[in-house]
>>> print(open('run.cif').read())   # mmCIF, C-alpha atoms
data_run
loop_
_atom_site.label_atom_id
_atom_site.label_comp_id
_atom_site.auth_asym_id
_atom_site.auth_seq_id
_atom_site.Cartn_x
_atom_site.Cartn_y
_atom_site.Cartn_z
CA MET L 208 72.52 103.57 84.00
CA THR L 209 71.26 100.04 83.39
CA MET L 210 72.81 97.14 85.26
CA SER L 211 72.47 94.86 82.23
CA THR L 212 75.81 96.28 81.09
CA ASN L 213 78.97 97.16 82.95
CA THR L 214 79.08 100.86 83.84
CA GLN L 215 82.68 102.06 84.21
CA VAL L 216 84.15 105.40 85.29
CA LEU L 217 87.42 106.03 83.46
CA LEU L 218 90.16 108.60 84.02
CA ALA L 219 89.80 110.88 81.00
CA ALA L 220 92.49 113.45 81.84
CA ARG L 221 95.00 114.28 84.55
CA PRO L 222 93.62 117.23 86.52
CA SER L 223 95.53 120.44 87.08
CA GLY L 224 94.49 121.49 90.55
CA ARG L 225 90.94 120.65 91.58
CA PRO L 226 89.48 117.76 89.53
CA ALA L 227 86.62 118.58 87.19
CA PRO L 228 83.82 116.34 85.86
CA SER L 229 85.56 116.44 82.47
CA ASP L 230 88.50 114.54 84.00
CA PHE L 231 86.24 111.47 84.15
CA ARG L 232 84.39 109.55 81.43
CA ILE L 233 81.48 107.19 82.04
CA VAL L 234 81.12 104.33 79.56
CA GLU L 235 78.97 101.23 79.11
CA THR L 236 80.71 97.97 78.25
CA ALA L 237 79.71 94.34 78.07
CA ILE L 238 79.64 92.36 81.30
CA PRO L 239 82.73 90.12 81.14
CA GLU L 240 82.56 86.33 81.22
CA PRO L 241 84.79 84.52 83.73
CA ALA L 242 87.31 82.02 82.41
CA ASP L 243 88.52 78.97 84.36
CA GLY L 244 89.91 80.15 87.70
CA GLU L 245 88.12 83.50 87.49
CA ILE L 246 85.20 85.06 89.35
CA LEU L 247 82.59 87.53 88.11
CA LEU L 248 81.80 90.16 90.73
CA LYS L 249 78.79 92.44 90.92
CA ILE L 250 79.86 95.57 92.78
CA LEU L 251 77.54 96.60 95.59
CA TYR L 252 79.55 99.37 97.27
CA LEU L 253 82.48 101.54 96.14
CA SER L 254 84.70 103.39 98.58
CA LEU L 255 85.75 106.96 97.75
CA ASP L 256 88.89 108.10 99.56
CA PRO L 257 91.25 111.11 99.38
CA TYR L 258 94.23 109.00 98.24
CA MET L 259 92.52 108.60 94.86
CA ARG L 260 93.44 112.18 93.98
CA GLY L 261 97.10 111.13 93.97
CA ARG L 262 96.32 108.23 91.63
CA MET L 263 94.96 110.72 89.10
CA SER L 264 98.36 112.45 88.84
CA ALA L 265 101.48 111.22 87.10
CA GLY L 266 103.89 112.52 89.75
CA ARG L 267 106.15 110.31 91.85
CA SER L 268 104.25 108.56 94.62
CA TYR L 269 104.12 105.33 96.61
CA ALA L 270 101.81 103.71 94.04
CA LYS L 271 101.45 103.66 90.26
CA PRO L 272 99.00 106.24 88.88
CA VAL L 273 95.85 105.24 87.04
CA ASP L 274 96.48 105.26 83.29
CA ILE L 275 94.49 107.62 81.10
CA GLY L 276 91.51 105.66 79.79
CA ALA L 277 91.67 103.11 82.62
CA VAL L 278 89.03 102.41 85.28
CA MET L 279 89.49 104.58 88.36
CA GLU L 280 90.97 102.69 91.29
CA GLY L 281 89.04 101.94 94.47
CA GLY L 282 88.07 99.42 97.11
CA THR L 283 84.73 97.66 96.70
CA VAL L 284 82.31 95.24 98.31
CA ALA L 285 80.86 92.78 95.81
CA ARG L 286 78.65 89.71 95.44
CA ILE L 287 79.93 86.80 93.39
CA VAL L 288 77.67 86.34 90.39
CA ARG L 289 79.51 83.42 88.84
CA SER L 290 82.51 81.58 90.21
CA ARG L 291 84.85 79.36 88.25
CA HIS L 292 87.28 79.32 91.18
CA PRO L 293 87.39 76.40 93.65
CA ASP L 294 87.64 78.62 96.75
CA PHE L 295 84.61 80.83 96.05
CA SER L 296 80.92 80.16 95.43
CA ASP L 297 78.11 82.01 93.71
CA GLY L 298 76.46 84.35 96.17
CA ASP L 299 79.52 84.90 98.38
CA PHE L 300 80.11 88.47 99.52
CA VAL L 301 83.70 89.68 99.24
CA LEU L 302 85.94 92.68 99.76
CA SER L 303 87.79 93.45 96.53
CA HIS L 304 89.71 96.21 94.79
CA SER L 305 87.69 96.38 91.59
CA GLY L 306 87.56 100.13 91.03
CA TRP L 307 84.82 102.42 89.78
CA GLN L 308 82.62 99.98 87.84
CA SER L 309 79.54 97.84 88.33
CA TYR L 310 81.05 94.45 87.39
CA ALA L 311 84.59 93.08 87.51
CA LEU L 312 86.62 89.91 87.08
CA SER L 313 88.96 88.53 89.75
CA ARG L 314 91.27 85.56 90.07
CA GLY L 315 90.62 85.42 93.82
CA ALA L 316 93.96 86.51 95.24
CA ASP L 317 92.68 89.99 96.09
CA LEU L 318 89.41 88.87 97.68
CA ARG L 319 88.42 88.55 101.35
CA LYS L 320 85.13 86.86 102.20
CA LEU L 321 82.64 88.90 104.23
CA ASP L 322 79.91 87.74 106.58
CA PRO L 323 76.84 89.96 106.07
CA SER L 324 75.41 88.80 109.41
CA ALA L 325 78.45 90.04 111.33
CA ALA L 326 78.28 93.71 110.28
CA PRO L 327 76.75 95.82 107.51
CA LEU L 328 78.65 95.05 104.32
CA SER L 329 79.54 98.69 103.70
CA THR L 330 81.57 98.83 106.93
CA ALA L 331 84.24 96.71 105.21
CA LEU L 332 85.08 99.91 103.32
CA GLY L 333 85.04 102.12 106.41
CA ILE L 334 85.32 101.46 110.13
CA LEU L 335 86.08 97.74 109.57
CA GLY L 336 88.15 98.40 106.45
CA MET L 337 91.08 100.43 105.21
CA PRO L 338 90.12 103.74 106.93
CA GLY L 339 89.54 102.08 110.30
CA PHE L 340 92.75 100.10 109.97
CA THR L 341 94.64 103.26 109.00
CA ALA L 342 93.45 104.91 112.21
CA TYR L 343 94.22 101.86 114.34
CA ALA L 344 97.70 101.15 113.01
CA GLY L 345 98.81 104.76 112.57
CA LEU L 346 97.73 105.88 116.03
CA LEU L 347 98.87 102.85 118.01
CA THR L 348 102.10 102.12 116.13
CA ILE L 349 103.35 105.67 115.54
CA GLY L 350 101.33 107.89 117.89
CA LYS L 351 101.51 105.52 120.88
CA PRO L 352 99.10 107.55 123.05
CA LYS L 353 99.52 107.25 126.80
CA PRO L 354 96.86 107.78 129.48
CA GLY L 355 96.44 111.46 130.22
CA GLU L 356 98.12 112.67 127.04
CA THR L 357 96.43 115.02 124.56
CA VAL L 358 95.75 113.62 121.10
CA VAL L 359 94.62 116.09 118.43
CA VAL L 360 92.95 114.73 115.31
CA ALA L 361 92.43 116.66 112.05
CA ALA L 362 89.34 115.89 109.94
CA ALA L 363 87.83 114.39 113.08
CA SER L 364 84.39 113.71 111.58
CA GLY L 365 85.86 111.73 108.67
CA ALA L 366 86.32 108.00 108.29
CA VAL L 367 89.87 107.93 109.67
CA GLY L 368 89.80 110.84 112.11
CA SER L 369 86.61 109.74 113.84
CA ALA L 370 88.18 106.35 114.64
CA VAL L 371 91.47 107.88 115.77
CA GLY L 372 89.86 110.02 118.46
CA GLN L 373 87.69 107.20 119.79
CA ILE L 374 90.63 104.81 119.99
CA ALA L 375 92.67 107.51 121.75
CA ARG L 376 89.97 107.81 124.42
CA ILE L 377 89.79 104.04 124.83
CA LYS L 378 93.54 104.16 125.54
CA GLY L 379 93.00 106.79 128.25
CA ALA L 380 94.14 109.84 126.30
CA ARG L 381 92.28 113.12 125.89
CA ALA L 382 90.91 113.51 122.34
CA VAL L 383 90.62 116.93 120.73
CA GLY L 384 89.03 116.96 117.28
CA ILE L 385 89.27 119.50 114.49
CA ALA L 386 86.37 119.61 112.02
CA GLY L 387 84.69 122.02 109.61
CA GLY L 388 81.24 123.40 110.40
CA ALA L 389 78.80 123.30 113.31
CA ASP L 390 77.12 120.00 112.33
CA LYS L 391 80.38 118.08 112.08
CA CYS L 392 81.68 119.58 115.31
CA ALA L 393 78.47 118.63 117.14
CA PHE L 394 78.73 115.05 115.83
CA VAL L 395 82.35 114.73 116.97
CA ARG L 396 81.53 116.09 120.43
CA ASP L 397 78.06 114.68 121.13
CA VAL L 398 78.04 111.36 119.26
CA LEU L 399 81.69 110.32 119.12
CA GLY L 400 82.44 111.63 122.60
CA PHE L 401 85.61 113.62 121.95
CA ASP L 402 86.70 115.72 124.92
CA ALA L 403 86.77 118.89 122.81
CA VAL L 404 86.28 119.89 119.18
CA ILE L 405 87.34 123.03 117.34
CA ASP L 406 85.93 124.40 114.08
CA HIS L 407 88.86 125.15 111.81
CA ARG L 408 86.73 127.70 109.97
CA ALA L 409 86.46 129.91 113.07
CA PRO L 410 88.31 133.22 112.69
CA ASP L 411 90.10 132.62 116.00
CA PHE L 412 90.78 128.94 115.34
CA PRO L 413 94.43 129.00 116.56
CA ALA L 414 93.41 130.64 119.84
CA GLN L 415 90.55 128.18 120.38
CA LEU L 416 92.86 125.24 119.70
CA ALA L 417 95.43 126.56 122.18
CA ALA L 418 92.72 126.97 124.82
CA ALA L 419 91.54 123.39 124.22
CA CYS L 420 95.09 122.09 124.68
CA PRO L 421 96.36 123.87 127.83
CA ASN L 422 99.05 121.23 128.35
CA GLY L 423 100.14 121.16 124.72
CA ILE L 424 99.77 118.36 122.18
CA ASP L 425 101.43 114.98 122.61
CA VAL L 426 100.08 113.27 119.48
CA TYR L 427 98.82 115.00 116.35
CA PHE L 428 97.21 112.74 113.76
CA GLU L 429 97.63 114.64 110.50
CA ASN L 430 94.99 114.28 107.81
CA VAL L 431 94.83 117.82 106.47
CA GLY L 432 97.91 120.08 106.44
CA GLY L 433 97.49 123.74 105.49
CA HIS L 434 96.34 126.24 108.12
CA VAL L 435 95.36 123.40 110.48
CA PHE L 436 98.97 122.23 110.73
CA ASP L 437 100.10 125.84 111.12
CA ALA L 438 97.90 126.16 114.23
CA VAL L 439 98.91 122.78 115.66
CA PHE L 440 102.68 123.03 115.22
CA PRO L 441 103.45 125.65 117.91
CA LEU L 442 101.51 123.58 120.46
CA LEU L 443 103.46 120.35 120.00
CA ASN L 444 105.19 119.21 123.17
CA ASP L 445 108.74 117.94 123.24
CA PHE L 446 108.81 114.34 122.02
CA ALA L 447 105.40 114.71 120.40
CA ARG L 448 104.50 112.14 117.77
CA VAL L 449 102.91 113.11 114.45
CA PRO L 450 101.56 110.26 112.29
CA VAL L 451 101.12 111.81 108.84
CA CYS L 452 98.21 110.03 107.19
CA GLY L 453 97.08 112.64 104.65
CA LEU L 454 97.41 116.24 103.50
CA ILE L 455 94.09 116.85 101.80
CA ALA L 456 94.51 120.65 101.91
CA HIS L 457 97.36 120.28 99.42
CA TYR L 458 96.06 117.54 97.11
CA ASN L 459 94.63 119.98 94.55
CA GLN L 460 97.61 122.35 94.48
CA ALA L 461 98.73 122.83 90.91
CA GLY L 462 102.16 124.19 91.84
CA PRO L 463 104.40 125.22 94.74
CA GLN L 464 102.73 126.77 97.77
CA ALA L 465 102.68 130.56 97.75
CA GLY L 466 104.92 132.40 100.20
CA ASN L 467 108.23 131.60 101.78
CA ASP L 468 109.42 128.05 102.17
CA ARG L 469 108.70 127.03 105.77
CA LEU L 470 110.37 123.64 105.63
CA PRO L 471 113.79 124.67 107.02
CA GLY L 472 112.17 126.20 110.10
CA VAL L 473 109.93 123.20 110.61
CA MET L 474 112.86 120.81 110.33
CA ARG L 475 114.91 122.86 112.83
CA GLU L 476 112.08 122.42 115.32
CA VAL L 477 111.87 118.70 114.55
CA LEU L 478 115.58 118.39 115.36
CA SER L 479 115.78 120.65 118.40
CA ARG L 480 112.61 119.30 120.02
CA SER L 481 113.07 115.61 119.13
CA LEU L 482 109.73 115.44 117.35
CA LEU L 483 108.68 112.27 115.56
CA ILE L 484 106.91 113.03 112.28
CA ARG L 485 106.37 109.89 110.28
CA GLY L 486 104.43 109.46 107.11
CA PHE L 487 102.87 106.06 106.62
CA ILE L 488 100.80 103.93 104.29
CA GLN L 489 98.49 101.51 106.06
CA ARG L 490 99.75 98.49 104.13
CA GLU L 491 103.09 98.80 106.00
CA PHE L 492 101.31 97.37 109.04
CA ALA L 493 99.52 94.52 107.29
CA ASP L 494 100.54 92.03 109.97
CA GLN L 495 98.29 93.91 112.42
CA ARG L 496 95.10 93.39 110.39
CA PRO L 497 93.86 90.24 112.21
CA ALA L 498 94.18 92.00 115.58
CA PHE L 499 92.45 95.07 114.15
CA TYR L 500 89.45 93.13 112.81
CA GLU L 501 88.95 91.43 116.18
CA GLN L 502 89.49 94.53 118.32
CA MET L 503 87.48 96.97 116.21
CA ALA L 504 84.53 94.56 115.96
CA ALA L 505 84.54 94.27 119.75
CA TRP L 506 84.68 98.06 120.22
CA ILE L 507 81.74 98.54 117.84
CA ALA L 508 79.74 95.83 119.58
CA SER L 509 80.37 97.40 123.00
CA GLY L 510 79.46 100.89 121.76
CA GLU L 511 82.95 102.25 122.48
CA VAL L 512 83.38 103.09 118.78
CA ARG L 513 80.66 104.60 116.62
CA TYR L 514 80.76 105.46 112.93
CA LYS L 515 78.92 107.46 110.29
CA GLU L 516 78.55 106.75 106.57
CA ASP L 517 77.76 109.23 103.81
CA MET L 518 75.97 107.05 101.24
CA VAL L 519 75.51 108.23 97.63
CA ASP L 520 73.47 106.16 95.17
CA GLY L 521 74.69 105.38 91.66
CA ILE L 522 78.12 104.73 90.14
CA ASP L 523 77.51 107.62 87.72
CA ASN L 524 77.49 109.99 90.72
CA ALA L 525 81.00 108.94 91.80
CA PRO L 526 82.88 111.80 90.07
CA THR L 527 80.74 114.54 91.62
CA ALA L 528 80.85 112.88 95.03
CA PHE L 529 84.64 112.49 94.84
CA ILE L 530 85.14 116.15 93.93
CA GLY L 531 82.94 117.03 96.91
CA LEU L 532 85.07 114.82 99.15
CA LEU L 533 88.16 116.85 98.27
CA ASP L 534 86.19 120.03 99.07
CA GLY L 535 85.14 118.63 102.45
CA ARG L 536 81.44 118.30 101.57
CA ASN L 537 81.08 114.70 102.77
CA PHE L 538 79.98 113.96 106.33
CA GLY L 539 81.38 110.60 107.43
CA LYS L 540 82.81 107.75 105.35
CA LEU L 541 81.89 108.38 101.72
CA VAL L 542 80.51 105.28 99.97
CA ILE L 543 78.83 104.87 96.59
CA ARG L 544 75.94 102.38 96.63
CA VAL L 545 76.38 100.79 93.21
CA ALA L 546 73.68 98.13 93.60
CA ALA L 547 71.32 96.90 96.30
CA ASP L 548 72.40 94.10 98.64
CA GLU L 549 71.05 90.75 97.50
#
>>> encode(input="run.cif", output="structure tokens")
Amino acid sequence: MTMSTNTQVLLAARPSGRPAPSDFRIVETAIPEPADGEILLKILYLSLDPYMRGRMSAGRSYAKPVDIGAVMEGGTVARIVRSRHPDFSDGDFVLSHSGWQSYALSRGADLRKLDPSAAPLSTALGILGMPGFTAYAGLLTIGKPKPGETVVVAAASGAVGSAVGQIARIKGARAVGIAGGADKCAFVRDVLGFDAVIDHRAPDFPAQLAAACPNGIDVYFENVGGHVFDAVFPLLNDFARVPVCGLIAHYNQAGPQAGNDRLPGVMREVLSRSLLIRGFIQREFADQRPAFYEQMAAWIASGEVRYKEDMVDGIDNAPTAFIGLLDGRNFGKLVIRVAADE
């Protein structure tokens, strides 16, 4: 795809179950011209995140779905090509929400300037961006880990889960990760420094998880659902806290889950054991962002927090990479490199 035109990835159809390449359409359009007060952005990096699956569906949710024929939604890092806005200059690097395309217009309200000398630009979409903030705010505001407690993290090698476990250890808690496959488990244990990690694909996964949590689970950071939650739930201690960040195991379900409805039993346990299970969207804690940027940057600089990116080149590869994300094929924060840093 040439960068002399604007390459856009549009939502072509609402998927039933797992998205297919045919649910997306890649088009070439003219690069837009900024009017007075506008800014032309050249997209350098595009973030791919599980929440985007919900934006492809028309069902009730916390945010409006992407319209059929519209550019897919997503966070981006961009360089300003031409500014006709008094607060921004040509060449500035910014965090934006421009979606799956190579160029975009902005009026400036949605932009945050980035310093490329402070951290790699792509980290504004990962450990120093929405996923890192989700981990920070969800764990510390809802999970409230205490020294000596056991914090279990689903999808522990991913952008959110990897940060959750490391922050838990910084706060003095014991971090137990759940990941899929030997390579991801080794990364969580040997690089991120979790106290234990369990492969959810193991045939005896529930027994291994129970052995890794001999004193039960005080905080469970939920990113997955499905059989992972089934194994975690019996191990929750009284007054356990469960920040519910995501349920990726259910995002591609086309209809009701097979089998008997388990919700009444789960809710009885929530009541009788005083469990706190709270879903959240990171924007609810927006007032914590300044503290997060300062604290996370310090943790990265000191080596207390490490991160991994899964970089894919080319905006035209975004649909395939996104489908792989929902299947768990990514390893680390998934980012599309749309154009080279300049």
>>> axis_aligned_box(input="run.cif", around="range 223-234 of chain L", padding_each_side="3 Å", output="JSON")
{"center_x": 88.3, "center_y": 112.9, "center_z": 85.6, "size_x": 20.4, "size_y": 23.2, "size_z": 18.0}
>>> resolve_selection(input="run.cif", expression="the PyMOL selection byres ((chain L and resi 392) around 12)", output="PyMOL selection string")
chain L and resi 361-365+369+383-391+393-409+538-539
>>> closest_residue(input="run.cif", among="L:Val545, L:Ala277, L:Ala270, L:Leu248", to="Phe295 in chain L", atoms="all atoms listed in the file")
L:Leu248
>>> atom_distance(input="run.cif", atom1="CA of Tyr343 in chain L", atom2="CA of Glu356 in chain L")
17.1 Å
>>> residues_around(input="run.cif", residues="range 508-512 of chain L", least_positions_apart="4", cutoff="10 Å", atoms="all atoms listed in the file", output="list in words")
Ala326, Ile334, Ser369, Ala370, Val371, Gly372, Gln373, Ile374, Arg376, Ile377, Val398, Leu399, Gly400, Gln502, Met503 and Ala504 of chain L
>>> write_last_selection(input="run.cif", atoms="C-alpha atoms", output="PDB file, in the frame of the given file")
ATOM      1  CA  ALA L 326      78.280  93.710 110.280  1.00  0.00           C
ATOM      2  CA  ILE L 334      85.320 101.460 110.130  1.00  0.00           C
ATOM      3  CA  SER L 369      86.610 109.740 113.840  1.00  0.00           C
ATOM      4  CA  ALA L 370      88.180 106.350 114.640  1.00  0.00           C
ATOM      5  CA  VAL L 371      91.470 107.880 115.770  1.00  0.00           C
ATOM      6  CA  GLY L 372      89.860 110.020 118.460  1.00  0.00           C
ATOM      7  CA  GLN L 373      87.690 107.200 119.790  1.00  0.00           C
ATOM      8  CA  ILE L 374      90.630 104.810 119.990  1.00  0.00           C
ATOM      9  CA  ARG L 376      89.970 107.810 124.420  1.00  0.00           C
ATOM     10  CA  ILE L 377      89.790 104.040 124.830  1.00  0.00           C
ATOM     11  CA  VAL L 398      78.040 111.360 119.260  1.00  0.00           C
ATOM     12  CA  LEU L 399      81.690 110.320 119.120  1.00  0.00           C
ATOM     13  CA  GLY L 400      82.440 111.630 122.600  1.00  0.00           C
ATOM     14  CA  GLN L 502      89.490  94.530 118.320  1.00  0.00           C
ATOM     15  CA  MET L 503      87.480  96.970 116.210  1.00  0.00           C
ATOM     16  CA  ALA L 504      84.530  94.560 115.960  1.00  0.00           C
TER      17      ALA L 504
END
>>> resolve_selection(input="run.cif", expression="the PyMOL selection byres ((chain L and resi 417) around 12)", output="list of chain:residue names")
L:Thr357, L:Val359, L:Val383, L:Ala403, L:Val404, L:Ile405, L:Asp411, L:Phe412, L:Pro413, L:Ala414, L:Gln415, L:Leu416, L:Ala418, L:Ala419, L:Cys420, L:Pro421, L:Asn422, L:Gly423, L:Ile424, L:Ala438, L:Val439, L:Phe440, L:Pro441, L:Leu442, L:Leu443
>>> write_last_selection(input="run.cif", atoms="C-alpha atoms", output="short mmCIF file (atom, residue, chain, number, x, y, z; two decimals), keeping the file's coordinate frame")
data_model
loop_
_atom_site.label_atom_id
_atom_site.label_comp_id
_atom_site.auth_asym_id
_atom_site.auth_seq_id
_atom_site.Cartn_x
_atom_site.Cartn_y
_atom_site.Cartn_z
CA THR L 357 96.43 115.02 124.56
CA VAL L 359 94.62 116.09 118.43
CA VAL L 383 90.62 116.93 120.73
CA ALA L 403 86.77 118.89 122.81
CA VAL L 404 86.28 119.89 119.18
CA ILE L 405 87.34 123.03 117.34
CA ASP L 411 90.10 132.62 116.00
CA PHE L 412 90.78 128.94 115.34
CA PRO L 413 94.43 129.00 116.56
CA ALA L 414 93.41 130.64 119.84
CA GLN L 415 90.55 128.18 120.38
CA LEU L 416 92.86 125.24 119.70
CA ALA L 418 92.72 126.97 124.82
CA ALA L 419 91.54 123.39 124.22
CA CYS L 420 95.09 122.09 124.68
CA PRO L 421 96.36 123.87 127.83
CA ASN L 422 99.05 121.23 128.35
CA GLY L 423 100.14 121.16 124.72
CA ILE L 424 99.77 118.36 122.18
CA ALA L 438 97.90 126.16 114.23
CA VAL L 439 98.91 122.78 115.66
CA PHE L 440 102.68 123.03 115.22
CA PRO L 441 103.45 125.65 117.91
CA LEU L 442 101.51 123.58 120.46
CA LEU L 443 103.46 120.35 120.00
#
>>> closest_residue(input="run.cif", among="L:Gly521, L:Gly281, L:Pro293, L:Gly336", to="Arg314 in chain L", atoms="all atoms listed in the file")
L:Pro293
>>> atom_distance(input="run.cif", atom1="CA of Ala493 in chain L", atom2="CA of Thr330 in chain L")
18.5 Å
>>> atom_distance(input="run.cif", atom1="CA of Phe492 in chain L", atom2="CA of Val367 in chain L")
15.6 Å
>>> build_atoms(input="run.cif", residues="range 419-447 of chain L", atoms="N, CA and C atoms", output="CSV table (one decimal), in the frame of the given file")
chain,number,residue,atom,x,y,z
L,419,ALA,N,92.0,124.8,124.1
L,419,ALA,CA,91.5,123.4,124.2
L,419,ALA,C,92.7,122.4,124.6
L,420,CYS,N,93.9,122.9,124.4
L,420,CYS,CA,95.1,122.1,124.7
L,420,CYS,C,96.0,122.8,125.7
L,421,PRO,N,95.6,123.1,126.9
L,421,PRO,CA,96.4,123.9,127.8
L,421,PRO,C,97.7,123.2,128.2
L,422,ASN,N,97.8,121.9,128.1
L,422,ASN,CA,99.0,121.2,128.4
L,422,ASN,C,99.8,120.8,127.1
L,423,GLY,N,99.5,121.5,126.0
L,423,GLY,CA,100.1,121.2,124.7
L,423,GLY,C,99.6,119.9,124.1
L,424,ILE,N,100.2,119.5,123.0
L,424,ILE,CA,99.8,118.4,122.2
L,424,ILE,C,100.9,117.3,122.2
L,425,ASP,N,100.5,116.1,122.6
L,425,ASP,CA,101.4,115.0,122.6
L,425,ASP,C,101.4,114.1,121.3
L,426,VAL,N,100.2,114.0,120.7
L,426,VAL,CA,100.1,113.3,119.5
L,426,VAL,C,99.2,114.1,118.6
L,427,TYR,N,99.7,114.3,117.4
L,427,TYR,CA,98.8,115.0,116.4
L,427,TYR,C,98.7,114.1,115.2
L,428,PHE,N,97.5,113.6,114.9
L,428,PHE,CA,97.2,112.7,113.8
L,428,PHE,C,96.8,113.6,112.6
L,429,GLU,N,97.7,113.7,111.6
L,429,GLU,CA,97.6,114.6,110.5
L,429,GLU,C,96.9,114.1,109.3
L,430,ASN,N,95.8,114.7,109.0
L,430,ASN,CA,95.0,114.3,107.8
L,430,ASN,C,94.8,115.4,106.8
L,431,VAL,N,95.3,116.6,107.2
L,431,VAL,CA,94.8,117.8,106.5
L,431,VAL,C,96.0,118.7,105.9
L,432,GLY,N,96.9,119.1,106.8
L,432,GLY,CA,97.9,120.1,106.4
L,432,GLY,C,97.4,121.5,106.4
L,433,GLY,N,98.0,122.4,105.7
L,433,GLY,CA,97.5,123.7,105.5
L,433,GLY,C,97.4,124.5,106.8
L,434,HIS,N,96.4,125.4,106.9
L,434,HIS,CA,96.3,126.2,108.1
L,434,HIS,C,96.1,125.5,109.4
L,435,VAL,N,95.6,124.2,109.3
L,435,VAL,CA,95.4,123.4,110.5
L,435,VAL,C,96.7,123.0,111.1
L,436,PHE,N,97.6,122.6,110.2
L,436,PHE,CA,99.0,122.2,110.7
L,436,PHE,C,99.7,123.5,111.3
L,437,ASP,N,99.5,124.6,110.6
L,437,ASP,CA,100.1,125.8,111.1
L,437,ASP,C,99.7,126.2,112.6
L,438,ALA,N,98.4,125.9,112.9
L,438,ALA,CA,97.9,126.2,114.2
L,438,ALA,C,98.4,125.1,115.2
L,439,VAL,N,98.5,123.9,114.8
L,439,VAL,CA,98.9,122.8,115.7
L,439,VAL,C,100.4,122.9,116.0
L,440,PHE,N,101.2,123.2,115.1
L,440,PHE,CA,102.7,123.0,115.2
L,440,PHE,C,103.2,123.7,116.4
L,441,PRO,N,102.9,125.0,116.7
L,441,PRO,CA,103.4,125.6,117.9
L,441,PRO,C,103.1,125.0,119.2
L,442,LEU,N,102.0,124.2,119.2
L,442,LEU,CA,101.5,123.6,120.5
L,442,LEU,C,102.1,122.2,120.7
L,443,LEU,N,102.9,121.7,119.8
L,443,LEU,CA,103.5,120.4,120.0
L,443,LEU,C,104.4,120.3,121.2
L,444,ASN,N,104.3,119.4,122.1
L,444,ASN,CA,105.2,119.2,123.2
L,444,ASN,C,106.5,118.6,122.7
L,445,ASP,N,107.5,118.7,123.5
L,445,ASP,CA,108.7,117.9,123.2
L,445,ASP,C,108.4,116.4,123.2
L,446,PHE,N,109.0,115.8,122.2
L,446,PHE,CA,108.8,114.3,122.0
L,446,PHE,C,107.4,114.0,121.6
L,447,ALA,N,106.7,115.0,121.0
L,447,ALA,CA,105.4,114.7,120.4
L,447,ALA,C,105.6,113.8,119.2
